[in-house]
Every structure is written in C-alpha cells, then in structure tokens.
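Comments concern the structure below.
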Amino acid sequence: MIALVKWFRTATKTAFSKKYLLFTNVAISVSLSGVGDIIEQHYEIYNGELAAWDRQRTRFMSISGMTVGVFCHGWYNFMDRRFPGRTIGLVLKKVLIDQTVASPIVIFLFFATLSVLKRATWEETRREIREKFIRLYTAEWIVWPPAQIVNFYFLPTKYRVLYDNTISLGYDVYTSYVINDEIGGNSEDKTNAQRG
C-alpha cells in the first residue's frame with residue numbers, strides 16, 4: 001500500500017510538472033468532456049430520448065474538450081503572469097476578465113470545433129451559435145464566478161485546469177444537452193447523429 005502511495009505521489013508530481021502540464025491539462029479536459037457527454041447520453045437513454053449511446057457524439061465532445069483544454073492551459077498561465085497575486089480585488093478582477101473575455105472564446109472554440117468535426121456549413125454553424133450561445137453563456141455566469149473565485153484565490157496555477165474541469169463536469173453535462181438539443185424540432189439531425 002505504501003508503494004502505491006509513493007507511486008501516486010511521483011506520478012502526480014510528474015504530471016503536474018512544467019514539462020508535462022500541458023499534456024496533463026489536455027488529457028483531463030478530453031477525458032472529462034467525454035465523461036460529461038456519456039452521463040448526459042445515459043440520462044437521455046433513461047428518459048427514452050435517445051435509443052443508444054452515440055459514440056461519435058462522445059468522441060466529438062471529447063475532441064472539443066481538447067481544444068478548450070489547450071486554450072484554458074494558456075489562459076490561466078497568461079492570467080497569473082499578467083495579474084500576479086491573490087488579493088480579493090485582484091481575484092474579482094480576474095473573474096470579471098475570465099467571464100467577459102475567456103468564456104465567450106471558450107464557447108466559440110467549442111462550437112467551431114464541433115462544426116469542423118460535423119462538417120457543418122458556415123450557415124449551420126452561425127445558426128447553432130445564434131440559437132445556443134446565450135443559453136451556454138448564461139449558464140457560465142451562474143456556475144463560474146463562484147467557482148473561479150475559489151480557483152483564483154486558493155489554487156496554484158498548475159492545478160487550475162484540473163479544478164476547472166472537475167467543476168466543469170456538471171457543466172459539460174449541460175453543454176452536451178444544449179449542443180444536442182434540436183431547437184425548432186429538427187429531429188432528423190438527431191436521428192442522423194445516432195446512425196453515425
């Protein structure tokens with residue numbers, strides 16, 4: 001048991017070292033974005049809204065987690081270099097900047113990644129952003145300010161993406177729901193997605 005604890009400490013120290021931090025952050029983001037989608041799909045299956053698990057949907061959500069993970073890794077490093085310190089005023093400033101600058105970028109990256117993966121047209125992408133962006137951004141304002149106060153006040157930079165993704169697991173379930181919610185009753189797309 002002691003050997004296992006030592007191995008875990010060594011693995012954690014290595015994973016969160018400067019050398020491997022980007023890889024670790026991206027791996028966490030990919031994994032938890034996929035898990036969030038799996039949870040949402042199982043809920044949809046349970047409610048009879050989905051016939052079976054759509055592996056391609058989970059793969060696409062995981063890949064979108066990769067693009068967001070790369071951005072968040074760079075963003076948190078930038079924020080801490082640009083605004084060093086942990087005073088409450090500085091933390092609130094970081095939260096405001098995070099919500100007004102990073103959140104829209106993250107949502108756009110998410111839509112853009114999924115659009116490329118789904119081979120959507122520019123018009124389909126614009127329509128989806130127009131219909132769903134405000135739902136996701138509103139949820140961001142509910143979930144993230146309190147979470148980011150904890151993140152910016154208590155945690156060192158190297159653990160921010162891990163914390164962000166842990167909180168984000170619940171948000172990813174909601175994101176998967178919103179992204180796959182067919183506004184306007186377009187069930188043909190949902191049926192086609194299930195076949196893919």
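Residue numbering restarts at 1 in every chain; chains get A, B, ... in the order shown in the structure tokens, and ligands count up from 1 in that same order.
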
All residues 10 Å or closer to region 99-113 of chain A, only C-alpha atoms, same chain fewer than 4 positions away omitted, as a ChimeraX atom specification: /A:60-61,63-69,71-72,75-76,93-95,117-120,122,125-126,128-129,132-134,136-137,140-141,144-145,148,175,179

Exercise: Tyr174 (chain A) partners within 9 Å, only C-alpha atoms, chain neighbours under 3 positions left out, as a count of residues only: 11

Selected residue of minimal separation from Asp181 (chain A) among A:Gln41, A:Leu155, A:Trp53, A:Val91, counting only C-alpha atoms: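 Of all the options, A:Gln41 lies closest to Asp181 (chain A).
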
Distance in Å - CA of Gly34 (chain A) versus CA of Thr166 (chain A):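 So the two atoms, CA of Gly34 (chain A) and CA of Thr166 (chain A), lie 12.6 Å apart.
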
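Between CA of Asp164 (chain A) and CA of Asn47 (chain A) the interatomic distance comes to 28.9 Å.
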